[in-house]
file query29.cif (mmCIF, C-alpha atoms)
data_protein
#
loop_
_atom_site.label_atom_id
_atom_site.label_comp_id
_atom_site.auth_asym_id
_atom_site.auth_seq_id
_atom_site.Cartn_x
_atom_site.Cartn_y
_atom_site.Cartn_z
CA MET A 248 127.18 77.07 72.59
CA ASN A 249 129.62 76.78 75.37
CA GLU A 250 127.68 74.58 77.71
CA ASN A 251 129.81 71.50 77.59
CA GLY A 252 131.58 71.91 80.86
CA GLN A 253 134.16 74.32 79.58
CA THR A 254 135.56 75.89 82.67
CA GLY A 255 136.52 79.02 80.82
CA ALA A 256 132.92 79.66 79.84
CA GLU A 257 131.70 78.79 83.30
CA TYR A 258 134.13 81.23 84.75
CA ASP A 259 132.94 83.93 82.36
CA ASP A 260 129.32 83.20 83.27
CA ALA A 261 130.10 83.45 86.96
CA ARG A 262 131.86 86.74 86.42
CA LEU A 263 129.04 88.16 84.35
CA LEU A 264 126.54 87.13 87.03
CA ALA A 265 128.68 88.77 89.69
CA ASP A 266 128.70 91.94 87.60
CA LEU A 267 124.92 91.74 87.27
CA ASN A 268 124.62 91.33 90.99
CA SER A 269 126.72 94.39 91.49
CA LEU A 270 124.50 96.31 89.06
CA TYR A 271 121.34 95.31 90.90
CA GLU A 272 122.94 96.18 94.21
CA TYR A 273 123.56 99.59 92.77
CA ASP A 274 120.34 100.23 90.84
CA ASP A 275 117.85 98.52 93.10
CA PRO A 276 119.41 97.52 96.41
CA VAL A 277 117.23 95.89 99.03
CA PRO A 278 116.10 98.96 100.97
CA GLU A 279 117.50 98.91 104.50
CA GLN A 280 113.96 99.45 105.80
CA VAL A 281 112.79 96.28 104.06
CA LEU A 282 115.50 94.28 105.82
CA ALA A 283 114.84 96.02 109.15
CA ASN A 284 111.14 95.16 108.84
CA ALA A 285 111.99 91.56 108.00
CA ARG A 286 114.12 91.33 111.14
CA ALA A 287 111.36 92.97 113.18
CA ALA A 288 108.82 90.44 111.87
CA PHE A 289 110.30 87.99 114.37
CA ALA A 290 108.57 89.88 117.18
CA TRP A 291 105.26 88.46 115.87
CA ALA A 292 106.25 84.87 116.58
CA ASP A 293 103.48 83.29 118.62
CA PHE A 294 103.77 79.54 118.68
CA ASP A 295 100.78 79.07 120.95
CA ALA A 296 98.25 80.72 118.72
CA GLU A 297 96.16 78.62 116.37
CA LEU A 298 96.66 79.63 112.75
CA ALA A 299 93.61 80.26 110.58
CA LYS A 300 94.60 79.66 106.96
CA LEU A 301 93.16 81.43 103.98
CA LEU A 302 90.84 78.86 102.47
CA ASP A 303 89.05 80.79 99.88
CA GLU A 304 89.11 84.20 98.30
CA GLN A 305 86.40 85.40 96.02
CA SER A 306 86.12 88.65 94.23
CA LEU A 307 82.75 90.25 94.68
CA VAL A 308 83.46 93.02 92.25
CA GLY A 309 80.48 93.97 90.15
CA GLN A 310 79.93 96.83 87.77
CA THR A 311 78.51 99.15 90.38
CA VAL A 312 81.31 98.95 92.87
CA ARG A 313 84.12 98.72 90.39
CA ALA A 314 84.75 102.43 90.46
CA THR A 315 85.22 102.43 94.21
CA GLY A 316 87.68 99.58 94.18
CA ASP A 317 88.19 96.00 95.08
CA HIS A 318 85.67 94.03 97.05
CA ARG A 319 86.47 90.51 98.20
CA LEU A 320 85.21 87.75 100.42
CA LEU A 321 87.89 85.87 102.37
CA THR A 322 87.53 82.75 104.47
CA PHE A 323 90.16 81.84 107.05
CA GLU A 324 89.81 78.55 108.83
CA ALA A 325 91.40 77.14 111.98
CA ALA A 326 90.43 74.08 113.97
CA HIS A 327 88.35 76.05 116.45
CA LEU A 328 87.29 79.17 114.60
CA THR A 329 86.47 80.35 111.09
CA PHE A 330 86.67 83.97 109.99
CA VAL A 331 84.56 85.09 107.07
CA VAL A 332 85.60 88.57 106.03
CA GLU A 333 84.29 90.94 103.42
CA ALA A 334 87.03 93.40 102.51
CA THR A 335 86.33 96.62 100.63
CA GLU A 336 89.11 98.75 99.28
CA LEU A 337 88.70 102.42 100.11
CA ALA A 338 90.55 105.40 98.73
CA HIS A 339 92.96 105.34 101.67
CA GLY A 340 92.84 101.90 103.19
CA ARG A 341 90.04 99.40 103.54
CA LYS A 342 86.96 98.37 105.42
CA LEU A 343 86.33 94.92 106.87
CA VAL A 344 82.96 93.46 107.79
CA GLY A 345 82.79 89.88 108.91
CA GLN A 346 81.72 87.11 111.14
CA VAL A 347 83.48 84.54 113.30
CA VAL A 348 81.99 81.06 113.46
CA PRO A 349 81.09 79.76 115.96
CA ALA A 350 80.03 82.90 117.78
CA GLY A 351 81.38 83.29 121.29
CA PRO A 352 84.30 85.72 121.35
CA SER A 353 83.25 89.21 122.33
CA GLU A 354 86.21 91.08 120.90
CA LEU A 355 88.55 90.86 117.93
CA TRP A 356 91.79 92.62 117.00
CA TRP A 357 93.18 93.78 113.72
CA GLU A 358 96.97 94.00 113.75
CA SER A 359 99.25 95.50 111.13
CA ALA A 360 102.80 94.35 110.50
CA GLY A 361 103.86 97.88 111.36
CA GLY A 362 102.56 97.49 114.90
CA ASP A 363 99.19 99.24 114.64
CA SER A 364 96.28 97.55 116.29
CA THR A 365 92.55 98.19 116.46
CA SER A 366 89.90 96.26 118.29
CA ALA A 367 86.28 95.68 117.40
CA LYS A 368 83.33 94.34 119.33
CA VAL A 369 81.95 91.01 118.21
CA ASP A 370 78.18 90.68 118.68
CA GLU A 371 76.28 87.61 119.86
CA LEU A 372 76.05 86.30 116.30
CA GLY A 373 79.79 86.64 115.81
CA ARG A 374 79.56 89.71 113.59
CA PHE A 375 82.08 92.52 113.61
CA SER A 376 82.98 95.61 111.62
CA LEU A 377 86.22 97.55 111.18
CA PRO A 378 85.33 100.65 109.20
CA GLN A 379 88.65 102.31 108.37
CA LEU A 380 91.96 100.47 108.28
CA PRO A 381 95.27 101.42 106.67
CA ALA A 382 96.60 99.33 103.74
CA GLY A 383 99.49 96.84 104.01
CA PRO A 384 100.00 93.38 105.50
CA ALA A 385 97.74 92.65 108.45
CA ARG A 386 95.96 89.89 110.32
CA LEU A 387 93.01 89.33 112.63
CA ARG A 388 93.30 87.92 116.11
CA CYS A 389 90.59 86.56 118.32
CA GLU A 390 90.51 84.92 121.70
CA LEU A 391 88.07 82.12 122.39
CA PRO A 392 86.23 81.95 125.71
CA ASP A 393 88.56 79.11 126.80
CA GLY A 394 91.61 81.31 126.24
CA THR A 395 92.74 79.82 122.88
CA ARG A 396 94.19 82.50 120.62
CA VAL A 397 93.41 82.24 116.92
CA VAL A 398 95.16 84.39 114.31
CA THR A 399 94.64 84.62 110.57
CA GLU A 400 97.58 84.20 108.18
CA TRP A 401 99.36 87.43 107.44
CA GLY A 402 98.45 89.00 104.17
CA THR A 403 96.94 91.91 102.38
CA ILE A 404 93.45 91.36 103.69
CA MET B 160 127.03 87.96 109.74
CA PRO B 161 128.12 88.09 113.35
CA SER B 162 130.41 85.22 114.15
CA ASN B 163 128.42 82.53 115.82
CA ASN B 164 130.57 79.94 117.39
CA SER B 165 134.04 79.18 116.25
CA GLY B 166 133.35 75.55 115.34
CA ARG B 167 130.79 76.32 112.65
CA PRO B 168 131.43 79.27 110.42
CA THR B 169 128.11 79.07 108.57
CA PRO B 170 125.15 77.58 110.39
CA SER B 171 122.75 75.60 108.22
CA ASN B 172 119.19 76.73 107.55
CA ALA B 173 118.07 73.97 109.89
CA ASP B 174 120.28 75.31 112.69
CA LEU B 175 118.99 78.84 112.20
CA LEU B 176 115.35 77.73 112.05
CA ALA B 177 115.73 75.67 115.19
CA ALA B 178 117.41 78.50 117.07
CA ALA B 179 114.78 80.97 115.88
CA GLN B 180 112.09 78.65 117.21
CA ARG B 181 113.81 78.81 120.57
CA GLY B 182 113.34 82.55 120.36
CA GLU B 183 116.81 83.63 119.23
CA GLN B 184 116.50 86.86 117.31
CA GLU B 185 120.08 86.57 116.10
CA ALA B 186 119.30 83.34 114.27
CA TRP B 187 116.29 84.96 112.64
CA ASP B 188 118.46 87.90 111.57
CA GLY B 189 120.81 85.35 110.02
CA LEU B 190 117.95 84.02 107.88
CA VAL B 191 117.05 87.54 106.80
CA ALA B 192 120.68 88.22 105.90
CA ARG B 193 120.82 84.99 103.91
CA PHE B 194 117.56 85.28 101.99
CA GLY B 195 116.52 88.93 102.17
CA ARG B 196 117.91 89.68 98.77
CA LEU B 197 116.32 86.64 97.15
CA VAL B 198 112.88 87.55 98.49
CA TRP B 199 113.35 91.13 97.32
CA SER B 200 114.44 90.05 93.85
CA VAL B 201 111.33 87.88 93.46
CA ALA B 202 109.11 90.68 94.77
CA ARG B 203 110.71 93.10 92.30
CA GLY B 204 110.01 90.69 89.46
CA PHE B 205 106.37 91.71 89.65
CA ASP B 206 105.44 95.02 88.16
CA LEU B 207 104.68 96.58 91.49
CA ALA B 208 105.44 99.95 93.01
CA ALA B 209 108.33 99.92 95.48
CA ALA B 210 105.96 100.24 98.46
CA ASP B 211 103.97 97.21 97.28
CA ALA B 212 107.14 95.22 96.75
CA ALA B 213 108.13 96.12 100.32
CA ASP B 214 104.75 94.90 101.61
CA LEU B 215 105.14 91.74 99.59
CA SER B 216 108.57 91.05 101.04
CA GLN B 217 107.24 91.71 104.53
CA THR B 218 104.28 89.38 104.04
CA THR B 219 106.68 86.59 103.07
CA TRP B 220 108.76 87.07 106.22
CA LEU B 221 105.65 87.17 108.37
CA ARG B 222 104.54 83.92 106.75
CA LEU B 223 107.83 82.37 107.70
CA VAL B 224 107.38 83.54 111.29
CA GLU B 225 104.06 81.74 111.51
CA HIS B 226 105.23 78.64 109.62
CA MET B 227 108.70 78.33 111.15
CA ASP B 228 107.82 75.09 112.89
CA GLN B 229 106.36 73.58 109.72
CA ILE B 230 109.30 73.82 107.34
CA LYS B 231 109.88 70.19 106.42
CA ASP B 232 112.92 70.70 104.24
CA PRO B 233 115.20 73.38 105.72
CA ASP B 234 117.64 73.09 102.81
CA GLY B 235 114.80 74.12 100.54
CA LEU B 236 113.97 77.18 102.61
CA GLY B 237 115.02 79.49 99.76
CA SER B 238 112.53 77.76 97.46
CA TRP B 239 109.83 77.98 100.10
CA LEU B 240 110.43 81.73 100.47
CA ALA B 241 110.56 82.24 96.70
CA THR B 242 107.32 80.30 96.19
CA THR B 243 105.57 82.14 98.99
CA THR B 244 106.62 85.50 97.53
CA ARG B 245 105.49 84.51 94.05
CA ARG B 246 102.09 83.26 95.22
CA GLU B 247 101.42 86.31 97.30
CA GLY B 248 102.64 88.51 94.45
CA ILE B 249 100.16 86.92 92.06
CA ARG B 250 97.41 87.50 94.61
CA LEU B 251 98.40 91.13 94.90
CA LEU B 252 98.53 91.60 91.13
CA ARG B 253 95.10 90.05 90.74
CA LYS B 254 93.80 92.43 93.34
CA ARG B 255 95.47 95.39 91.68
CA SER B 256 94.25 94.53 88.21
CA LEU B 257 90.72 94.82 89.53
CA GLU B 258 91.42 98.30 90.73
CA ILE B 259 93.48 99.54 87.83
CA PRO B 260 92.20 97.88 84.68
CA ASP B 261 95.19 96.59 82.78
CA GLU B 262 97.45 99.50 83.34
CA HIS B 263 100.71 98.07 82.25
CA GLN B 264 103.54 99.75 83.99
CA GLU B 265 106.94 99.81 82.46
CA GLU B 266 109.58 98.36 84.69
CA GLN B 267 110.33 100.91 87.33
CA SER B 268 113.80 102.21 87.28
CA ASP B 269 114.98 103.62 90.51
CA GLN B 270 118.39 104.41 89.18
CA GLY B 271 120.20 107.35 90.53
CA LYS B 272 119.14 106.55 94.03
CA ASP B 273 122.17 106.60 96.22
CA GLY B 274 123.60 103.14 96.09
CA PRO B 275 126.58 101.82 97.96
CA GLU B 276 129.70 103.92 97.51
CA GLU B 277 131.87 101.00 96.65
CA THR B 278 130.87 98.78 93.80
CA ALA B 279 132.88 96.35 91.78
CA LEU B 280 132.05 98.08 88.53
CA THR B 281 132.61 101.65 87.48
CA ALA B 282 129.62 103.84 86.71
CA ASP B 283 130.47 103.53 83.04
CA GLU B 284 130.55 99.75 83.10
CA HIS B 285 127.27 99.83 84.98
CA ALA B 286 125.72 101.93 82.27
CA GLN B 287 126.92 99.54 79.56
CA LEU B 288 125.63 96.52 81.39
CA ARG B 289 122.33 98.25 82.11
CA ASN B 290 121.90 99.04 78.43
CA ALA B 291 122.74 95.50 77.41
CA LEU B 292 120.28 94.20 79.98
CA ALA B 293 117.53 96.42 78.64
CA GLN B 294 117.86 94.68 75.24
CA LEU B 295 117.03 91.29 76.71
CA PRO B 296 113.55 89.77 76.77
CA GLU B 297 111.80 90.28 80.10
CA ARG B 298 111.91 86.57 80.83
CA CYS B 299 115.69 86.67 80.65
CA ARG B 300 115.96 89.72 82.86
CA LYS B 301 113.79 88.16 85.54
CA LEU B 302 115.72 84.91 85.42
CA LEU B 303 119.12 86.55 85.62
CA ARG B 304 118.06 88.78 88.44
CA VAL B 305 116.91 85.91 90.62
CA ILE B 306 119.97 83.83 89.74
CA ALA B 307 122.25 86.72 90.60
CA ALA B 308 120.49 87.14 93.96
CA SER B 309 120.55 83.45 94.75
CA ASP B 310 123.83 82.88 96.53
CA GLN B 311 124.83 79.43 95.41
CA ALA B 312 122.83 79.73 92.18
CA ASN B 313 120.38 77.24 93.57
CA TYR B 314 118.30 76.18 90.57
CA THR B 315 115.50 74.74 92.67
CA GLU B 316 115.12 78.13 94.30
CA VAL B 317 115.14 79.90 90.97
CA ALA B 318 112.64 77.44 89.51
CA ALA B 319 110.32 78.08 92.46
CA ALA B 320 110.66 81.82 92.07
CA LEU B 321 109.76 81.83 88.40
CA GLN B 322 107.64 78.70 88.18
CA MET B 323 109.87 77.12 85.57
CA PRO B 324 110.88 73.46 85.36
CA VAL B 325 114.19 72.99 87.18
CA GLY B 326 115.69 71.26 84.16
CA SER B 327 115.16 74.27 81.94
CA ILE B 328 116.93 76.76 84.23
CA GLY B 329 120.47 75.79 83.24
CA PRO B 330 119.97 75.99 79.46
CA THR B 331 117.87 79.16 79.71
CA ARG B 332 120.47 80.74 81.94
CA SER B 333 123.19 79.96 79.38
CA ARG B 334 121.11 81.37 76.55
CA CYS B 335 120.28 84.53 78.46
CA LEU B 336 123.89 85.09 79.49
CA GLU B 337 125.01 84.50 75.92
CA HIS B 338 122.46 87.00 74.71
CA LEU B 339 123.55 89.50 77.34
CA ARG B 340 127.19 89.06 76.44
CA SER B 341 126.55 89.68 72.76
CA GLN B 342 124.60 92.85 73.55
CA PHE B 343 127.33 93.90 75.91
CA THR B 344 130.15 93.51 73.41
CA LYS B 345 128.09 95.13 70.68
CA SER B 346 127.77 98.29 72.75
CA SER B 347 131.30 98.48 74.06
#

call {"tool": "encode", "arguments": {"input": "query29.cif", "output": "structure tokens"}}
result
Amino acid sequence: MNENGQTGAEYDDARLLADLNSLYEYDDPVPEQVLANARAAFAWADFDAELAKLLDEQSLVGQTVRATGDHRLLTFEAAHLTFVVEATELAHGRKLVGQVVPAGPSELWWESAGGDSTSAKVDELGRFSLPQLPAGPARLRCELPDGTRVVTEWGTI
Amino acid sequence: MPSNNSGRPTPSNADLLAAAQRGEQEAWDGLVARFGRLVWSVARGFDLAAADAADLSQTTWLRLVEHMDQIKDPDGLGSWLATTTRREGIRLLRKRSLEIPDEHQEEQSDQGKDGPEETALTADEHAQLRNALAQLPERCRKLLRVIAASDQANYTEVAAALQMPVGSIGPTRSRCLEHLRSQFTKSS
């Protein structure tokens, strides 16, 4: 036990940690693309949009759908709009069916962190459907009739 | 990091966050340079494929973009990022375990990928250290990895990353390093 403030031991620990760091840098460096994406994430800054936070996430997986993959119900809530989304994992991507409450917006956008975007019509009851979306971090965006933008938190929806 | 202004060599997290909120990409890049490795090390602590770890890291940075104006303790930004990564990682694992029933993957080794040309250790020393590391309990490996990635060995950050009490980090770190050292000398 060399914990009692012995500088020699502390020095050894620091050196061993530096060696470890060097090993990780070598074996599993942060991929340059990961850092580039992190820098690019800044382009998504939108301080005027209202943020709808993930309130609740329930798995709806039952025996019958288990084979086809994950099936979840997500609720995102902001002051002026709530998104209720049923997400189904597909072989290559996912499907979203949902509803915005209160109804009113006529269109909704799905946006991926990679820059892809798809829009969907929202019907008079607030319902929408996005049948085939790629995997990865994404969010939903909606504009209220008064011009307020509401976005869901980023995540693997 | 690109030199900012001569008076302040290293801007604080608070400075960078404030500048980023004014729309300065350079300040944001500074945050990524400071914490990118920490976020990655936490993401890699989950048994996820490299692509999932990349998504996890990206989700954390996107979360910071949308919460930039709500960080109450800028000095604790590393802990905030580590916690966010851990939470989202647990979510992802839960989701995965529904798809792939309990398929326990061995830790992925991506060795042999071209790393930086210049490293402080020789390939041989790397191999010895890697072997010694492999003898450690997983808990130790995870802890040491996050500590190594955390620049000023910020225990609050590490505690947030691994959900351990802050007070236990120091002693556990010593034990794990001791263990590593004994494995290391045994093999060399």

call {"tool": "closest_residue", "arguments": {"input": "query29.cif", "among": "A:Leu302, A:Ala338, A:Leu282, A:Ala265", "to": "A:Asp317", "atoms": "only C-alpha atoms"}}
result
A:Ala338

call {"tool": "atom_distance", "arguments": {"input": "query29.cif", "atom1": "atom CA of B:Leu236", "atom2": "atom CA of B:Glu316"}}
result
8.4 Å

call {"tool": "residues_near_point", "arguments": {"input": "query29.cif", "point": "(122.1, 98.0, 76.8)", "cutoff": "12 Å", "atoms": "only C-alpha atoms", "output": "PyMOL selection string"}}
result
chain B and resi 283-296+300+338-347

call {"tool": "interface_residues", "arguments": {"input": "query29.cif", "of": "chain A", "to": "chain B", "cutoff": "6 Å", "atoms": "only C-alpha atoms", "output": "list in words"}}
result
Leu264, Asn268, Tyr273, Asp274, Val281, Ala285, Arg286, Ala288, Ala292, Gly316, Asp317 and Gly402 of chain A

call {"tool": "resolve_selection", "arguments": {"input": "query29.cif", "expression": "the PyMOL selection byres ((chain A and resi 387) around 9)", "output": "list in words"}}
result
Phe330, Leu355, Trp356, Trp357, Glu358, Ser359, Ala385, Arg386, Arg388, Cys389, Val397, Val398, Thr399, Glu400 and Trp401 of chain A

call {"tool": "write_last_selection", "arguments": {"input": "query29.cif", "atoms": "C-alpha atoms", "output": "PDB file, keeping the file's coordinate frame"}}
result
ATOM      1  CA  PHE A 330      86.670  83.970 109.990  1.00  0.00           C
ATOM      2  CA  LEU A 355      88.550  90.860 117.930  1.00  0.00           C
ATOM      3  CA  TRP A 356      91.790  92.620 117.000  1.00  0.00           C
ATOM      4  CA  TRP A 357      93.180  93.780 113.720  1.00  0.00           C
ATOM      5  CA  GLU A 358      96.970  94.000 113.750  1.00  0.00           C
ATOM      6  CA  SER A 359      99.250  95.500 111.130  1.00  0.00           C
ATOM      7  CA  ALA A 385      97.740  92.650 108.450  1.00  0.00           C
ATOM      8  CA  ARG A 386      95.960  89.890 110.320  1.00  0.00           C
ATOM      9  CA  ARG A 388      93.300  87.920 116.110  1.00  0.00           C
ATOM     10  CA  CYS A 389      90.590  86.560 118.320  1.00  0.00           C
ATOM     11  CA  VAL A 397      93.410  82.240 116.920  1.00  0.00           C
ATOM     12  CA  VAL A 398      95.160  84.390 114.310  1.00  0.00           C
ATOM     13  CA  THR A 399      94.640  84.620 110.570  1.00  0.00           C
ATOM     14  CA  GLU A 400      97.580  84.200 108.180  1.00  0.00           C
ATOM     15  CA  TRP A 401      99.360  87.430 107.440  1.00  0.00           C
TER      16      TRP A 401
END

call {"tool": "atom_distance", "arguments": {"input": "query29.cif", "atom1": "atom CA of B:Ala186", "atom2": "atom CA of B:Ala173"}}
result
10.4 Å

call {"tool": "resolve_selection", "arguments": {"input": "query29.cif", "expression": "the PyMOL selection byres ((chain A and resi 404) around 10)", "output": "PyMOL selection string"}}
result
chain A and resi 301+304+319-321+332-336+341-343+382-387+399-403

call {"tool": "atom_distance", "arguments": {"input": "query29.cif", "atom1": "atom CA of A:Ala296", "atom2": "atom CA of A:Arg396"}}
result
4.8 Å

call {"tool": "resolve_selection", "arguments": {"input": "query29.cif", "expression": "the PyMOL selection byres ((chain A and resi 375) around 6)", "output": "number ranges by chain"}}
result
A: 344-346, 369, 374, 376

call {"tool": "residues_around", "arguments": {"input": "query29.cif", "residues": "B:Arg245", "least_positions_apart": "5", "cutoff": "9 Å", "atoms": "all atoms listed in the file", "output": "list in words"}}
result
Val201, Ala202, Gly204, Phe205, Leu240, Arg250, Ala319, Ala320, Leu321 and Gln322 of chain B

call {"tool": "closest_residue", "arguments": {"input": "query29.cif", "among": "A:Phe294, A:Phe323, A:Lys300, A:Asp259", "to": "B:Arg181", "atoms": "all atoms listed in the file"}}
result
A:Phe294

call {"tool": "residues_around", "arguments": {"input": "query29.cif", "residues": "A:Ala350", "least_positions_apart": "4", "cutoff": "7 Å", "atoms": "only C-alpha atoms", "output": "list in words"}}
result
Glu371, Leu372 and Gly373 of chain A

call {"tool": "decode", "arguments": {"input": "query29.cif", "residues": "stretch 270-292 of chain A", "atoms": "N, CA and C atoms", "output": "PDB file, in the first residue's frame"}}
result
ATOM      1  N   LEU A 270      -1.282   3.680 -24.754  1.00  0.00           N
ATOM      2  CA  LEU A 270      -1.759   2.398 -25.294  1.00  0.00           C
ATOM      3  C   LEU A 270      -3.157   2.547 -25.907  1.00  0.00           C
ATOM      4  N   TYR A 271      -4.039   3.239 -25.187  1.00  0.00           N
ATOM      5  CA  TYR A 271      -5.392   3.424 -25.712  1.00  0.00           C
ATOM      6  C   TYR A 271      -5.381   4.284 -26.967  1.00  0.00           C
ATOM      7  N   GLU A 272      -4.516   5.264 -26.984  1.00  0.00           N
ATOM      8  CA  GLU A 272      -4.387   6.108 -28.171  1.00  0.00           C
ATOM      9  C   GLU A 272      -3.984   5.269 -29.378  1.00  0.00           C
ATOM     10  N   TYR A 273      -3.224   4.234 -29.082  1.00  0.00           N
ATOM     11  CA  TYR A 273      -2.715   3.379 -30.143  1.00  0.00           C
ATOM     12  C   TYR A 273      -3.738   2.319 -30.551  1.00  0.00           C
ATOM     13  N   ASP A 274      -4.310   1.643 -29.546  1.00  0.00           N
ATOM     14  CA  ASP A 274      -5.217   0.522 -29.806  1.00  0.00           C
ATOM     15  C   ASP A 274      -6.617   0.974 -30.207  1.00  0.00           C
ATOM     16  N   ASP A 275      -7.075   2.047 -29.610  1.00  0.00           N
ATOM     17  CA  ASP A 275      -8.457   2.455 -29.831  1.00  0.00           C
ATOM     18  C   ASP A 275      -8.548   3.985 -29.799  1.00  0.00           C
ATOM     19  N   PRO A 276      -7.887   4.633 -30.757  1.00  0.00           N
ATOM     20  CA  PRO A 276      -7.912   6.097 -30.753  1.00  0.00           C
ATOM     21  C   PRO A 276      -9.317   6.592 -31.075  1.00  0.00           C
ATOM     22  N   VAL A 277      -9.631   7.804 -30.640  1.00  0.00           N
ATOM     23  CA  VAL A 277     -10.914   8.373 -31.028  1.00  0.00           C
ATOM     24  C   VAL A 277     -10.869   8.531 -32.545  1.00  0.00           C
ATOM     25  N   PRO A 278     -11.779   7.881 -33.262  1.00  0.00           N
ATOM     26  CA  PRO A 278     -11.720   7.996 -34.721  1.00  0.00           C
ATOM     27  C   PRO A 278     -11.875   9.464 -35.143  1.00  0.00           C
ATOM     28  N   GLU A 279     -11.112   9.876 -36.117  1.00  0.00           N
ATOM     29  CA  GLU A 279     -11.158  11.272 -36.566  1.00  0.00           C
ATOM     30  C   GLU A 279     -12.583  11.645 -36.977  1.00  0.00           C
ATOM     31  N   GLN A 280     -13.306  10.672 -37.554  1.00  0.00           N
ATOM     32  CA  GLN A 280     -14.675  10.959 -37.982  1.00  0.00           C
ATOM     33  C   GLN A 280     -15.582  11.277 -36.789  1.00  0.00           C
ATOM     34  N   VAL A 281     -15.332  10.605 -35.677  1.00  0.00           N
ATOM     35  CA  VAL A 281     -16.130  10.852 -34.470  1.00  0.00           C
ATOM     36  C   VAL A 281     -15.922  12.290 -33.997  1.00  0.00           C
ATOM     37  N   LEU A 282     -14.667  12.743 -34.032  1.00  0.00           N
ATOM     38  CA  LEU A 282     -14.380  14.117 -33.620  1.00  0.00           C
ATOM     39  C   LEU A 282     -14.939  15.118 -34.635  1.00  0.00           C
ATOM     40  N   ALA A 283     -14.812  14.782 -35.925  1.00  0.00           N
ATOM     41  CA  ALA A 283     -15.336  15.675 -36.968  1.00  0.00           C
ATOM     42  C   ALA A 283     -16.849  15.816 -36.816  1.00  0.00           C
ATOM     43  N   ASN A 284     -17.526  14.698 -36.534  1.00  0.00           N
ATOM     44  CA  ASN A 284     -18.978  14.748 -36.340  1.00  0.00           C
ATOM     45  C   ASN A 284     -19.337  15.582 -35.112  1.00  0.00           C
ATOM     46  N   ALA A 285     -18.534  15.427 -34.060  1.00  0.00           N
ATOM     47  CA  ALA A 285     -18.799  16.197 -32.837  1.00  0.00           C
ATOM     48  C   ALA A 285     -18.663  17.690 -33.122  1.00  0.00           C
ATOM     49  N   ARG A 286     -17.655  18.058 -33.919  1.00  0.00           N
ATOM     50  CA  ARG A 286     -17.506  19.480 -34.266  1.00  0.00           C
ATOM     51  C   ARG A 286     -18.680  19.944 -35.124  1.00  0.00           C
ATOM     52  N   ALA A 287     -19.100  19.061 -36.037  1.00  0.00           N
ATOM     53  CA  ALA A 287     -20.195  19.422 -36.948  1.00  0.00           C
ATOM     54  C   ALA A 287     -21.534  19.526 -36.219  1.00  0.00           C
ATOM     55  N   ALA A 288     -21.631  18.878 -35.053  1.00  0.00           N
ATOM     56  CA  ALA A 288     -22.893  18.910 -34.296  1.00  0.00           C
ATOM     57  C   ALA A 288     -23.303  20.343 -33.977  1.00  0.00           C
ATOM     58  N   PHE A 289     -22.322  21.233 -33.911  1.00  0.00           N
ATOM     59  CA  PHE A 289     -22.582  22.627 -33.575  1.00  0.00           C
ATOM     60  C   PHE A 289     -23.549  23.285 -34.556  1.00  0.00           C
ATOM     61  N   ALA A 290     -23.530  22.792 -35.799  1.00  0.00           N
ATOM     62  CA  ALA A 290     -24.407  23.374 -36.824  1.00  0.00           C
ATOM     63  C   ALA A 290     -25.887  23.219 -36.458  1.00  0.00           C
ATOM     64  N   TRP A 291     -26.184  22.295 -35.524  1.00  0.00           N
ATOM     65  CA  TRP A 291     -27.582  22.054 -35.146  1.00  0.00           C
ATOM     66  C   TRP A 291     -28.071  23.008 -34.068  1.00  0.00           C
ATOM     67  N   ALA A 292     -27.189  23.863 -33.586  1.00  0.00           N
ATOM     68  CA  ALA A 292     -27.603  24.785 -32.517  1.00  0.00           C
ATOM     69  C   ALA A 292     -28.781  25.630 -32.987  1.00  0.00           C
TER      70      ALA A 292
END
